[in-house]
Amino acid sequence: MSTNKKTIPTRHQVIDRSLQQKQVDKADVALGQEGCVFVETTGAVTPPTGKVFVAISFLADAKLSALVAESTKFLSTAAGGDGAGTDALTADNVFPKGFTLYGRFTSFTPNDALGSSGIVAYVGD
């Protein structure tokens, strides 16, 4: 029986914990971990100063009379987003119950009061 063992070179991974935490924090912010708001009435809804809404979830079928995006690369009532053949939203477009819209939005305005159902908007940087 041979006692020769192969020596396998190993590589040590150096983990910068502060960099790792910054990356986790950045991902949390991008996913709306800065908070959220619940809306069931009409009127313009805006995030806290210096923040945007990164996701808007519809708890009931809803229409928006205004959706303002941070830039033209996101869908809004002013533009259909970047690319060819895109259309801006209108007040007649219905977002179905259970639908979540992702992007970077500076405000939105529900068309109708939503009763006990509503909209949850998630805040991010």
# chains A, B, ... in the order shown; residues from 1 in each chain; ligands from 1
$ residues_around --residues "segment 109-118 of chain A" --least-positions-apart "2" --cutoff "8 Å" --atoms "only C-alpha atoms" --output "MDAnalysis selection string"
chainID A and resid 38:45 58:60 62:67 91 107 120
$ atom_distance --atom1 "atom CA of Cys36 of chain A" --atom2 "atom CA of Thr86 of chain A"
28.9 Å
$ atom_distance --atom1 "atom CA of Pro48 of chain A" --atom2 "atom CA of Asn93 of chain A"
26.5 Å
$ closest_residue --among "A:Ile119, A:Val94, A:Val52, A:Val37" --to "Val68 of chain A" --atoms "only C-alpha atoms"
A:Val52
$ residues_around --residues "Gly50 of chain A" --least-positions-apart "6" --cutoff "12 Å" --atoms "only C-alpha atoms" --output "list in words"
Glu34, Glu70, Phe105, Thr106, Val123, Gly124 and Asp125 of chain A
$ atom_distance --atom1 "atom CA of Val54 of chain A" --atom2 "atom CA of Tyr102 of chain A"
5.8 Å
